[in-house]
file query-v1.pdb (PDB, C-alpha atoms)
ATOM      1  CA  MET A   1       2.634   6.182  21.217
ATOM      2  CA  HIS A   2       0.626   8.457  18.966
ATOM      3  CA  LYS A   3      -3.031   7.874  18.103
ATOM      4  CA  VAL A   4      -4.025   8.701  14.541
ATOM      5  CA  LYS A   5      -7.416   8.705  12.806
ATOM      6  CA  HIS A   6      -7.708   6.743   9.565
ATOM      7  CA  SER A   7      -7.970   9.923   7.468
ATOM      8  CA  LYS A   8      -4.688  11.171   8.948
ATOM      9  CA  LEU A   9      -3.111   7.734   8.488
ATOM     10  CA  GLU A  10      -4.023   7.898   4.793
ATOM     11  CA  GLN A  11      -2.186  11.226   4.492
ATOM     12  CA  LEU A  12       0.844   9.824   6.326
ATOM     13  CA  ILE A  13       0.993   6.765   4.063
ATOM     14  CA  ILE A  14       0.843   8.933   0.945
ATOM     15  CA  ARG A  15       3.557  11.240   2.282
ATOM     16  CA  ALA A  16       5.754   8.281   3.225
ATOM     17  CA  TYR A  17       5.326   6.778  -0.246
ATOM     18  CA  GLU A  18       6.012  10.015  -2.080
ATOM     19  CA  THR A  19       9.091  10.835   0.018
ATOM     20  CA  ASN A  20      10.341   7.241   0.057
ATOM     21  CA  LYS A  21      10.405   7.230   3.865
ATOM     22  CA  PRO A  22       9.529   4.240   6.032
ATOM     23  CA  LEU A  23       6.351   4.332   8.082
ATOM     24  CA  PHE A  24       5.718   2.076  11.074
ATOM     25  CA  ILE A  25       2.034   1.406  11.721
ATOM     26  CA  TRP A  26       1.195  -0.285  14.992
ATOM     27  CA  GLY A  27      -2.113  -1.038  16.636
ATOM     28  CA  THR A  28      -4.342  -3.743  17.998
ATOM     29  CA  THR A  29      -5.935  -6.382  15.818
ATOM     30  CA  GLY A  30      -8.991  -5.407  13.829
ATOM     31  CA  ILE A  31      -8.755  -1.608  13.847
ATOM     32  CA  GLY A  32      -8.294  -1.293  10.075
ATOM     33  CA  LYS A  33      -4.552  -0.887   9.573
ATOM     34  CA  SER A  34      -4.342  -3.258   6.612
ATOM     35  CA  TRP A  35      -7.618  -1.983   5.186
ATOM     36  CA  THR A  36      -6.332   1.605   5.241
ATOM     37  CA  VAL A  37      -2.993   0.682   3.660
ATOM     38  CA  ARG A  38      -4.796  -1.282   0.924
ATOM     39  CA  LYS A  39      -7.196   1.635   0.301
ATOM     40  CA  VAL A  40      -4.299   4.084  -0.093
ATOM     41  CA  ALA A  41      -2.327   1.668  -2.280
ATOM     42  CA  LYS A  42      -5.274   1.483  -4.663
ATOM     43  CA  LYS A  43      -5.460   5.295  -4.795
ATOM     44  CA  LEU A  44      -1.727   5.575  -5.436
ATOM     45  CA  ALA A  45      -1.895   2.952  -8.188
ATOM     46  CA  VAL A  46      -4.524   5.029 -10.000
ATOM     47  CA  ARG A  47      -2.598   8.271  -9.402
ATOM     48  CA  TYR A  48       0.580   6.834 -10.910
ATOM     49  CA  GLY A  49      -1.065   4.853 -13.726
ATOM     50  CA  ARG A  50      -0.284   1.444 -12.285
ATOM     51  CA  THR A  51      -2.293  -1.683 -11.556
ATOM     52  CA  PHE A  52      -2.982  -2.539  -7.929
ATOM     53  CA  ILE A  53      -2.285  -6.159  -7.004
ATOM     54  CA  GLU A  54      -2.265  -8.165  -3.799
ATOM     55  CA  TRP A  55       0.961 -10.166  -3.881
ATOM     56  CA  ASN A  56      -0.278 -12.904  -1.558
ATOM     57  CA  LYS A  57      -3.218 -13.627  -3.847
ATOM     58  CA  LEU A  58      -1.126 -14.155  -6.988
ATOM     59  CA  SER A  59      -0.108 -17.484  -8.477
ATOM     60  CA  LEU A  60       3.592 -18.160  -9.036
ATOM     61  CA  GLU A  61       3.134 -17.425 -12.733
ATOM     62  CA  GLU A  62       1.461 -14.097 -11.967
ATOM     63  CA  LYS A  63       4.235 -13.191  -9.509
ATOM     64  CA  HIS A  64       6.821 -13.944 -12.168
ATOM     65  CA  ASN A  65       4.988 -11.639 -14.595
ATOM     66  CA  VAL A  66       4.896  -8.850 -12.007
ATOM     67  CA  MET A  67       8.620  -9.196 -11.363
ATOM     68  CA  GLU A  68       9.277  -8.974 -15.109
ATOM     69  CA  HIS A  69       7.174  -5.798 -15.429
ATOM     70  CA  THR A  70       7.462  -3.967 -12.105
ATOM     71  CA  GLU A  71       6.819  -0.603 -13.760
ATOM     72  CA  LYS A  72       3.175  -1.629 -14.312
ATOM     73  CA  TYR A  73       2.382  -2.533 -10.704
TER      74      TYR A  73
END
call {"tool": "encode", "arguments": {"input": "query-v1.pdb", "output": "structure tokens"}}
result
Amino acid sequence: MHKVKHSKLEQLIIRAYETNKPLFIWGTTGIGKSWTVRKVAKKLAVRYGRTFIEWNKLSLEEKHNVMEHTEKY
């Protein structure tokens, strides 16, 4: 097990995304794992000119639109 601060986790997520490598994030409930991933995803969306979305919050119609235009999201 390796403990990582949130700032380091952000760097690891970005590196994993940019190198297309999987990243396993494990930790107890409530320490900010999802929050950090969401924060980085928003940054990456801006960096790459895309729109950040939260899949689980979309209607079926919105999900269909995303699947038709994946290059935007």
call {"tool": "atom_distance", "arguments": {"input": "query-v1.pdb", "atom1": "atom CA of A:Val66", "atom2": "atom CA of A:Glu18"}}
result
21.3 Å
call {"tool": "residues_around", "arguments": {"input": "query-v1.pdb", "residues": "stretch 45-52 of chain A", "least_positions_apart": "5", "cutoff": "12 Å", "atoms": "all atoms listed in the file", "output": "PDB file with C-alpha atoms, in the coordinates of the input"}}
result
ATOM      1  CA  ILE A  14       0.843   8.933   0.945  1.00  0.00           C
ATOM      2  CA  TYR A  17       5.326   6.778  -0.246  1.00  0.00           C
ATOM      3  CA  GLU A  18       6.012  10.015  -2.080  1.00  0.00           C
ATOM      4  CA  ARG A  38      -4.796  -1.282   0.924  1.00  0.00           C
ATOM      5  CA  LYS A  39      -7.196   1.635   0.301  1.00  0.00           C
ATOM      6  CA  VAL A  40      -4.299   4.084  -0.093  1.00  0.00           C
ATOM      7  CA  LYS A  57      -3.218 -13.627  -3.847  1.00  0.00           C
ATOM      8  CA  LEU A  58      -1.126 -14.155  -6.988  1.00  0.00           C
ATOM      9  CA  VAL A  66       4.896  -8.850 -12.007  1.00  0.00           C
ATOM     10  CA  HIS A  69       7.174  -5.798 -15.429  1.00  0.00           C
ATOM     11  CA  THR A  70       7.462  -3.967 -12.105  1.00  0.00           C
ATOM     12  CA  GLU A  71       6.819  -0.603 -13.760  1.00  0.00           C
ATOM     13  CA  LYS A  72       3.175  -1.629 -14.312  1.00  0.00           C
ATOM     14  CA  TYR A  73       2.382  -2.533 -10.704  1.00  0.00           C
TER      15      TYR A  73
END
call {"tool": "atom_distance", "arguments": {"input": "query-v1.pdb", "atom1": "atom CA of A:Lys63", "atom2": "atom CA of A:Lys42"}}
result
18.1 Å
call {"tool": "atom_distance", "arguments": {"input": "query-v1.pdb", "atom1": "atom CA of A:Lys43", "atom2": "atom CA of A:Thr29"}}
result
23.7 Å
call {"tool": "resolve_selection", "arguments": {"input": "query-v1.pdb", "expression": "the PyMOL selection byres ((chain A and resi 10) around 12)", "output": "list in words"}}
result
Val4, Lys5, His6, Ser7, Lys8, Leu9, Gln11, Leu12, Ile13, Ile14, Arg15, Ala16, Tyr17, Leu23, Ile25, Gly32, Lys33, Ser34, Trp35, Thr36, Val37, Arg38, Lys39, Val40, Ala41, Lys42, Lys43 and Leu44 of chain A
